[in-house]
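Peer 1: Structure: start04.cif, mmCIF, C-alpha atoms and all ligand atoms.
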```
data_target
#
loop_
_atom_site.group_PDB
_atom_site.id
_atom_site.type_symbol
_atom_site.label_atom_id
_atom_site.label_comp_id
_atom_site.auth_asym_id
_atom_site.auth_seq_id
_atom_site.Cartn_x
_atom_site.Cartn_y
_atom_site.Cartn_z
ATOM 1 C CA MET A 728 97.592 78.398 90.135
ATOM 2 C CA ALA A 729 97.799 81.114 92.770
ATOM 3 C CA LEU A 730 100.998 81.705 94.698
ATOM 4 C CA PRO A 731 100.764 79.793 98.008
ATOM 5 C CA ASN A 732 101.050 81.855 101.198
ATOM 6 C CA LEU A 733 103.816 81.302 103.708
ATOM 7 C CA GLN A 734 102.626 80.966 107.316
ATOM 8 C CA ILE A 735 104.990 80.838 110.269
ATOM 9 C CA ALA A 736 103.951 78.552 113.143
ATOM 10 C CA LEU A 737 105.257 79.848 116.458
ATOM 11 C CA ASP A 738 105.435 76.675 118.504
ATOM 12 C CA ASN A 739 107.830 78.107 121.040
ATOM 13 C CA SER A 740 107.460 77.086 124.676
ATOM 14 C CA SER A 741 107.694 80.668 125.876
ATOM 15 C CA LEU A 742 106.217 83.921 124.629
ATOM 16 C CA SER A 743 109.596 85.649 124.778
ATOM 17 C CA GLU A 744 111.134 83.039 122.444
ATOM 18 C CA ALA A 745 108.161 83.341 120.076
ATOM 19 C CA LEU A 746 108.540 87.119 119.988
ATOM 20 C CA LYS A 747 112.234 86.742 119.210
ATOM 21 C CA SER A 748 111.414 84.432 116.269
ATOM 22 C CA ILE A 749 108.706 86.674 114.890
ATOM 23 C CA SER A 750 110.798 89.815 115.254
ATOM 24 C CA LEU A 751 113.224 88.219 112.774
ATOM 25 C CA ALA A 752 110.928 86.437 110.314
ATOM 26 C CA GLY A 753 107.700 88.413 110.713
ATOM 27 C CA PRO A 754 108.285 90.949 107.943
ATOM 28 C CA VAL A 755 108.763 88.139 105.386
ATOM 29 C CA VAL A 756 105.812 85.843 106.083
ATOM 30 C CA ASP A 757 102.203 86.329 104.968
ATOM 31 C CA ILE A 758 100.409 84.770 107.937
ATOM 32 C CA VAL A 759 101.414 84.547 111.611
ATOM 33 C CA GLU A 760 100.302 81.630 113.767
ATOM 34 C CA ALA A 761 100.302 81.363 117.525
ATOM 35 C CA GLY A 762 101.056 77.629 117.555
ATOM 36 C CA THR A 763 99.329 75.093 119.745
ATOM 37 C CA ILE A 764 102.304 74.788 122.073
ATOM 38 C CA LEU A 765 102.466 78.579 122.471
ATOM 39 C CA CYS A 766 98.700 78.857 123.021
ATOM 40 C CA LEU A 767 98.902 76.205 125.734
ATOM 41 C CA GLN A 768 101.845 77.940 127.385
ATOM 42 C CA SER A 769 100.845 81.580 127.101
ATOM 43 C CA GLY A 770 97.148 81.527 126.237
ATOM 44 C CA MET A 771 95.562 84.396 124.343
ATOM 45 C CA GLU A 772 98.265 86.802 125.530
ATOM 46 C CA ALA A 773 100.355 85.379 122.673
ATOM 47 C CA VAL A 774 97.660 86.305 120.154
ATOM 48 C CA ARG A 775 97.321 89.790 121.684
ATOM 49 C CA CYS A 776 101.083 90.378 121.329
ATOM 50 C CA LEU A 777 101.144 89.166 117.711
ATOM 51 C CA ARG A 778 98.170 91.362 116.817
ATOM 52 C CA ALA A 779 99.870 94.378 118.409
ATOM 53 C CA LEU A 780 103.039 93.714 116.409
ATOM 54 C CA TYR A 781 101.296 92.980 113.102
ATOM 55 C CA PRO A 782 98.035 94.917 112.802
ATOM 56 C CA GLU A 783 97.858 94.212 109.050
ATOM 57 C CA LYS A 784 98.717 90.512 108.911
ATOM 58 C CA ILE A 785 96.406 87.527 109.259
ATOM 59 C CA ILE A 786 96.818 86.070 112.753
ATOM 60 C CA VAL A 787 95.858 82.443 113.414
ATOM 61 C CA ALA A 788 95.252 80.905 116.821
ATOM 62 C CA ASP A 789 96.130 77.232 116.425
ATOM 63 C CA THR A 790 93.951 76.053 119.277
ATOM 64 C CA LYS A 791 93.048 72.698 117.665
ATOM 65 C CA CYS A 792 89.783 73.225 119.511
ATOM 66 C CA ALA A 793 87.792 70.068 120.332
ATOM 67 C CA ASP A 794 84.879 71.477 122.323
ATOM 68 C CA ALA A 795 83.261 74.731 123.457
ATOM 69 C CA GLY A 796 83.851 76.064 119.951
ATOM 70 C CA GLY A 797 81.841 79.246 120.385
ATOM 71 C CA THR A 798 83.586 80.329 123.584
ATOM 72 C CA VAL A 799 87.067 79.476 122.350
ATOM 73 C CA ALA A 800 86.456 81.271 119.052
ATOM 74 C CA GLN A 801 85.088 84.336 120.821
ATOM 75 C CA ASN A 802 88.190 84.434 123.038
ATOM 76 C CA CYS A 803 90.450 84.092 119.982
ATOM 77 C CA ARG A 804 88.623 86.857 118.120
ATOM 78 C CA GLU A 805 88.662 89.212 121.110
ATOM 79 C CA ALA A 806 92.416 88.650 121.454
ATOM 80 C CA GLY A 807 92.883 89.651 117.831
ATOM 81 C CA ALA A 808 92.889 86.394 115.849
ATOM 82 C CA ASP A 809 91.376 86.343 112.362
ATOM 83 C CA TRP A 810 91.305 82.573 112.082
ATOM 84 C CA MET A 811 91.446 79.611 114.439
ATOM 85 C CA THR A 812 91.778 75.855 114.110
ATOM 86 C CA VAL A 813 89.544 72.991 115.218
ATOM 87 C CA ILE A 814 90.576 69.368 115.330
ATOM 88 C CA CYS A 815 88.857 67.166 112.731
ATOM 89 C CA CYS A 816 87.285 64.915 115.374
ATOM 90 C CA ALA A 817 85.371 67.836 116.897
ATOM 91 C CA THR A 818 81.619 67.547 116.379
ATOM 92 C CA LEU A 819 79.811 69.584 113.738
ATOM 93 C CA PRO A 820 77.998 71.617 116.449
ATOM 94 C CA THR A 821 81.406 72.587 117.897
ATOM 95 C CA MET A 822 82.638 73.657 114.464
ATOM 96 C CA LYS A 823 79.454 75.558 113.632
ATOM 97 C CA ALA A 824 79.517 77.375 116.983
ATOM 98 C CA ALA A 825 83.137 78.399 116.384
ATOM 99 C CA LEU A 826 82.430 79.575 112.845
ATOM 100 C CA LYS A 827 79.777 81.979 114.134
ATOM 101 C CA GLU A 828 82.412 83.777 116.223
ATOM 102 C CA ILE A 829 85.474 83.938 113.980
ATOM 103 C CA GLU A 830 86.179 85.130 110.446
ATOM 104 C CA GLU A 831 87.520 81.790 109.196
ATOM 105 C CA LEU A 832 87.829 78.352 110.688
ATOM 106 C CA GLN A 833 90.422 75.784 109.667
ATOM 107 C CA VAL A 834 89.896 72.060 110.225
ATOM 108 C CA GLU A 835 93.124 70.323 111.214
ATOM 109 C CA LEU A 836 93.305 66.877 109.657
ATOM 110 C CA TYR A 837 94.962 64.360 111.949
ATOM 111 C CA GLY A 838 94.487 60.619 112.225
ATOM 112 C CA ASP A 839 91.206 59.224 110.983
ATOM 113 C CA TRP A 840 88.790 61.388 109.023
ATOM 114 C CA THR A 841 86.681 60.760 105.920
ATOM 115 C CA PHE A 842 85.783 62.669 102.769
ATOM 116 C CA GLN A 843 82.153 62.288 103.846
ATOM 117 C CA GLN A 844 82.985 64.320 106.974
ATOM 118 C CA ALA A 845 84.906 66.782 104.821
ATOM 119 C CA GLN A 846 81.779 67.343 102.711
ATOM 120 C CA GLN A 847 79.823 68.035 105.922
ATOM 121 C CA TRP A 848 82.410 70.647 106.923
ATOM 122 C CA LEU A 849 82.036 72.314 103.525
ATOM 123 C CA ASN A 850 78.252 72.191 103.827
ATOM 124 C CA ALA A 851 78.584 73.916 107.197
ATOM 125 C CA GLY A 852 80.452 76.791 105.535
ATOM 126 C CA ILE A 853 83.995 75.813 106.479
ATOM 127 C CA THR A 854 86.299 76.533 103.566
ATOM 128 C CA GLN A 855 89.751 75.774 104.969
ATOM 129 C CA ALA A 856 91.470 72.506 105.829
ATOM 130 C CA ILE A 857 94.993 71.899 107.090
ATOM 131 C CA TYR A 858 96.600 68.714 105.877
ATOM 132 C CA HIS A 859 99.029 67.680 108.560
ATOM 133 C CA GLN A 860 101.862 65.282 109.169
ATOM 134 C CA SER A 861 102.081 65.439 112.941
ATOM 135 C CA ARG A 862 105.501 65.886 114.458
ATOM 136 C CA ASP A 863 104.969 62.653 116.397
ATOM 137 C CA ALA A 864 104.119 60.753 113.196
ATOM 138 C CA LEU A 865 107.230 62.207 111.552
ATOM 139 C CA LEU A 866 109.318 61.221 114.579
ATOM 140 C CA ALA A 867 107.881 57.699 114.273
ATOM 141 C CA GLY A 868 109.187 57.510 110.696
ATOM 142 C CA GLU A 869 106.207 58.752 108.630
ATOM 143 C CA THR A 870 107.159 60.675 105.473
ATOM 144 C CA TRP A 871 105.362 62.823 102.904
ATOM 145 C CA GLY A 872 104.423 60.810 99.812
ATOM 146 C CA LYS A 873 102.001 59.905 97.032
ATOM 147 C CA LYS A 874 99.207 58.952 99.465
ATOM 148 C CA ASP A 875 99.244 62.522 100.794
ATOM 149 C CA LEU A 876 99.210 64.076 97.331
ATOM 150 C CA GLU A 877 96.113 62.086 96.350
ATOM 151 C CA LYS A 878 94.192 63.169 99.449
ATOM 152 C CA LEU A 879 95.350 66.760 99.021
ATOM 153 C CA ARG A 880 94.222 66.807 95.381
ATOM 154 C CA LYS A 881 90.786 65.495 96.347
ATOM 155 C CA LEU A 882 90.334 68.083 99.117
ATOM 156 C CA ILE A 883 91.301 70.879 96.720
ATOM 157 C CA GLU A 884 88.923 69.528 94.061
ATOM 158 C CA MET A 885 86.128 69.486 96.663
ATOM 159 C CA GLY A 886 86.631 73.235 97.038
ATOM 160 C CA PHE A 887 88.740 73.566 100.194
ATOM 161 C CA LYS A 888 91.547 76.079 100.535
ATOM 162 C CA VAL A 889 94.138 73.602 101.760
ATOM 163 C CA SER A 890 97.187 74.358 103.878
ATOM 164 C CA VAL A 891 100.033 71.865 104.159
ATOM 165 C CA THR A 892 102.167 71.451 107.253
ATOM 166 C CA GLY A 893 104.447 69.181 109.224
ATOM 167 C CA GLY A 894 108.219 69.127 109.140
ATOM 168 C CA LEU A 895 108.416 71.097 105.892
ATOM 169 C CA THR A 896 111.780 72.153 104.528
ATOM 170 C CA LYS A 897 112.445 74.421 101.581
ATOM 171 C CA ASP A 898 113.414 71.367 99.567
ATOM 172 C CA SER A 899 110.199 69.478 100.354
ATOM 173 C CA LEU A 900 107.963 72.092 98.696
ATOM 174 C CA ALA A 901 108.652 70.736 95.195
ATOM 175 C CA LEU A 902 106.754 67.550 96.102
ATOM 176 C CA PHE A 903 103.528 69.595 95.971
ATOM 177 C CA LYS A 904 104.280 71.391 92.699
ATOM 178 C CA GLU A 905 101.236 70.042 90.822
ATOM 179 C CA LEU A 906 98.831 71.209 93.530
ATOM 180 C CA ASP A 907 97.038 74.477 94.154
ATOM 181 C CA VAL A 908 98.203 74.661 97.784
ATOM 182 C CA TYR A 909 96.719 77.642 99.614
ATOM 183 C CA THR A 910 99.353 77.999 102.325
ATOM 184 C CA PHE A 911 102.514 76.284 103.495
ATOM 185 C CA ILE A 912 102.788 76.361 107.285
ATOM 186 C CA THR A 913 106.325 76.152 108.606
ATOM 187 C CA GLY A 914 107.455 76.099 112.194
ATOM 188 C CA ARG A 915 110.875 74.712 112.932
ATOM 189 C CA GLY A 916 112.015 75.196 109.315
ATOM 190 C CA ILE A 917 112.035 78.926 110.108
ATOM 191 C CA THR A 918 112.125 79.306 113.887
ATOM 192 C CA GLY A 919 114.837 76.642 114.292
ATOM 193 C CA ALA A 920 117.091 78.073 111.587
ATOM 194 C CA ALA A 921 120.293 79.899 112.478
ATOM 195 C CA ASP A 922 118.891 82.898 110.578
ATOM 196 C CA PRO A 923 115.046 82.827 110.666
ATOM 197 C CA ASN A 924 114.778 85.871 108.406
ATOM 198 C CA LEU A 925 116.913 84.225 105.732
ATOM 199 C CA ALA A 926 115.090 80.905 106.133
ATOM 200 C CA ALA A 927 111.722 82.618 105.601
ATOM 201 C CA LYS A 928 113.098 84.391 102.511
ATOM 202 C CA GLU A 929 114.338 81.063 101.142
ATOM 203 C CA PHE A 930 110.889 79.498 101.595
ATOM 204 C CA LYS A 931 109.316 82.485 99.819
ATOM 205 C CA ALA A 932 111.830 82.283 96.968
ATOM 206 C CA GLU A 933 111.149 78.572 96.498
ATOM 207 C CA ILE A 934 107.379 79.190 96.448
ATOM 208 C CA GLN A 935 107.929 81.896 93.828
ATOM 209 C CA ARG A 936 110.204 79.614 91.770
ATOM 210 C CA ILE A 937 107.661 76.764 91.707
ATOM 211 C CA TRP A 938 104.297 78.550 91.579
ATOM 212 C CA GLY A 939 105.265 82.017 90.333
HETATM 213 C C1 LIG A 1001 101.953 71.094 115.386
HETATM 214 C C2 LIG A 1001 101.660 72.149 114.396
HETATM 215 C C3 LIG A 1001 102.815 72.894 113.845
HETATM 216 O O1 LIG A 1001 102.627 74.231 114.112
HETATM 217 C C4 LIG A 1001 102.998 72.748 112.355
HETATM 218 O O2 LIG A 1001 102.958 71.421 111.963
HETATM 219 C C5 LIG A 1001 104.333 73.318 111.884
HETATM 220 O O3 LIG A 1001 105.374 72.747 112.596
HETATM 221 P P1 LIG A 1001 106.757 72.228 112.002
HETATM 222 O O4 LIG A 1001 107.009 72.928 110.687
HETATM 223 O O5 LIG A 1001 107.738 72.619 113.067
HETATM 224 O O6 LIG A 1001 106.628 70.746 111.829
HETATM 225 O O7 LIG A 1001 100.522 72.430 114.096
HETATM 226 O O8 LIG A 1001 100.790 70.533 115.865
#
```
What does the file become when written as structure tokens?

Peer 2:
Amino acid sequence: MALPNLQIALDNSSLSEALKSISLAGPVVDIVEAGTILCLQSGMEAVRCLRALYPEKIIVADTKCADAGGTVAQNCREAGADWMTVICCATLPTMKAALKEIEELQVELYGDWTFQQAQQWLNAGITQAIYHQSRDALLAGETWGKKDLEKLRKLIEMGFKVSVTGGLTKDSLALFKELDVYTFITGRGITGAADPNLAAKEFKAEIQRIWG
């Protein structure tokens, strides 16, 4: 199995806070995400700042786009994003329009979706999916478990590069040890730590210990 990437999700409510987080953890992580909250607060200026800081890293705009895929993707690309996200309930035409404008598109799996839809996404040329426990579901008492591992395994077997996210801690990574996870996306586990640089290094070390 390949070594999973570590992606930081900058879900800060202000660009200045996001820049503080990334200035500490940025050198450690593989992929930098302008989180949905940050995109809503600061728009594409957040992506422009991250691209200026990290010309060599993959930058993701986590727009969770639901409509106007082509325009949103064009805006993300022009701001410097390599990848962007669409919500799984977006229509295929929205996804296809976005895919024409951006290097890679990631489908964010929330709520109800089917493997039949997932096959349609693959057929449309979308190769990445993000398996998500939403922060609201986690707050309502949802936890990671066997049901998630089964769905993750099936998505990987279908051929998706699958990212895992939602309330991850360093200690929760071992749950996924049998799976060829493409990327672990961590927000508060890094940005909310007393020492974000150390927290990012600990995530990387745990990934290396399990998959290395
Ligand atoms: C929220 C997101 C988050 O960026 C992602 O889930 C990581 O957040 P955290 O690790 O803080 O739960 O996409 O919609």

Peer 1: Applied to this file, what does the PyMOL selection byres (((chain A and resi 808) around 7) and not hetatm) return in terms of residues, put as a PyMOL selection string?

Peer 2: chain A and resi 774+786-788+803-804+806-807+809-810

Peer 1: Do a neighbour search on stretch 862-868 of chain A at 12 Å with only C-alpha atoms, toss out local chain neighbours closer than 5 positions, and write the hits as a list in words.

Peer 2: Asp738, Tyr837, Gly838, Thr892, Gly893, Gly894, Leu895, Thr913, Gly914 and Arg915 of chain A

Peer 1: Could you tell me which of A:Asp875, A:Ala793, A:Glu805, A:Phe842 comes closest to A:Thr821 if we count all atoms listed in the file?

Peer 2: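 Of A:Asp875, A:Ala793, A:Glu805, A:Phe842, the one nearest A:Thr821 is A:Ala793, counting all atoms listed in the file.
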
Peer 1: Could you tell me which of A:Asn802, A:Ser740, A:Ser861, A:Gln935 comes closest to ligand LIG 1001 (chain A) if we count all atoms listed in the file?

Peer 2: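 With all atoms listed in the file as the atom set, the closest residue is A:Ser861.
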
Peer 1: List the neighbours of A:Met811 out to 10 Å using all atoms listed in the file; skip same-chain residues closer than 2 positions along the sequence, and give me the result as a PyMOL selection string.

Peer 2: chain A and resi 760-761+786-792+799-800+803-804+808-809+813+825-826+829-835

Peer 1: Ranking A:Lys931, A:Lys897, A:His859, A:Arg936 by minimum distance to ligand LIG 1001 (chain A) and counting all atoms listed in the file, which one comes first?

Peer 2: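 The answer is A:His859, which sits nearest to ligand LIG 1001 (chain A).
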
Peer 1: Which neighbours of A:Gln844 fall inside 12 Å, counting all atoms listed in the file, when residues of the same chain fewer than 3 positions from it are skipped, and could you give them as a ChimeraX atom specification?

Peer 2: /A:815-819,822,834,836,839-841,847-851,853,856,882,885

Peer 1: With C-alpha atoms retained, write the just-selected residues as an mmCIF file, keeping the file's coordinate frame.

Peer 2:
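This is the output file part_28.cif:
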```
data_model
loop_
_atom_site.group_PDB
_atom_site.id
_atom_site.type_symbol
_atom_site.label_atom_id
_atom_site.label_comp_id
_atom_site.auth_asym_id
_atom_site.auth_seq_id
_atom_site.Cartn_x
_atom_site.Cartn_y
_atom_site.Cartn_z
ATOM 1 C CA CYS A 815 88.857 67.166 112.731
ATOM 2 C CA CYS A 816 87.285 64.915 115.374
ATOM 3 C CA ALA A 817 85.371 67.836 116.897
ATOM 4 C CA THR A 818 81.619 67.547 116.379
ATOM 5 C CA LEU A 819 79.811 69.584 113.738
ATOM 6 C CA MET A 822 82.638 73.657 114.464
ATOM 7 C CA VAL A 834 89.896 72.060 110.225
ATOM 8 C CA LEU A 836 93.305 66.877 109.657
ATOM 9 C CA ASP A 839 91.206 59.224 110.983
ATOM 10 C CA TRP A 840 88.790 61.388 109.023
ATOM 11 C CA THR A 841 86.681 60.760 105.920
ATOM 12 C CA GLN A 847 79.823 68.035 105.922
ATOM 13 C CA TRP A 848 82.410 70.647 106.923
ATOM 14 C CA LEU A 849 82.036 72.314 103.525
ATOM 15 C CA ASN A 850 78.252 72.191 103.827
ATOM 16 C CA ALA A 851 78.584 73.916 107.197
ATOM 17 C CA ILE A 853 83.995 75.813 106.479
ATOM 18 C CA ALA A 856 91.470 72.506 105.829
ATOM 19 C CA LEU A 882 90.334 68.083 99.117
ATOM 20 C CA MET A 885 86.128 69.486 96.663
#
```

Peer 1: Can you tell me, as a list in words, which residues sit within 12 Å of (111.7, 78.8, 121.0) in the file's frame, using only C-alpha atoms?

Peer 2: Ala736, Leu737, Asp738, Asn739, Ser740, Ser741, Leu742, Ser743, Glu744, Ala745, Leu746, Lys747, Ser748, Ile749, Gly762, Ile764, Leu765, Gln768, Gly914, Arg915, Ile917, Thr918, Gly919, Ala920 and Pro923 of chain A

Peer 1: Would you mind reading off the distance between atom CA of A:Val891 and atom CA of A:Ala752, one decimal, in Å?

Peer 2: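 Between atom CA of A:Val891 and atom CA of A:Ala752 the gap is 19.2 Å.
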
Peer 1: Box for ligand LIG 1001 (chain A) - axis-aligned, 5 Å on each of the six sides, all listed atoms - centre and size in Å to one decimal, as lines of an AutoDock Vina configuration file.

Peer 2:
```
center_x = 104.1
center_y = 72.4
center_z = 113.3
size_x = 17.2
size_y = 13.7
size_z = 15.2
```

Peer 1: Which residues match the PyMOL selection byres (((chain A and resi 872) around 12) and not hetatm) in the file above, as a list in words?

Peer 2: Gln860, Glu869, Thr870, Trp871, Lys873, Lys874, Asp875, Leu876, Glu877, Lys878, Leu879, Ser899, Leu900, Ala901, Leu902 and Phe903 of chain A

Peer 1: List as number ranges by chain: which residues have an atom within 7 Å of (98.8, 72.6, 101.9), counting all atoms listed in the file?

Peer 2: A: 857-858, 889-892, 908-911
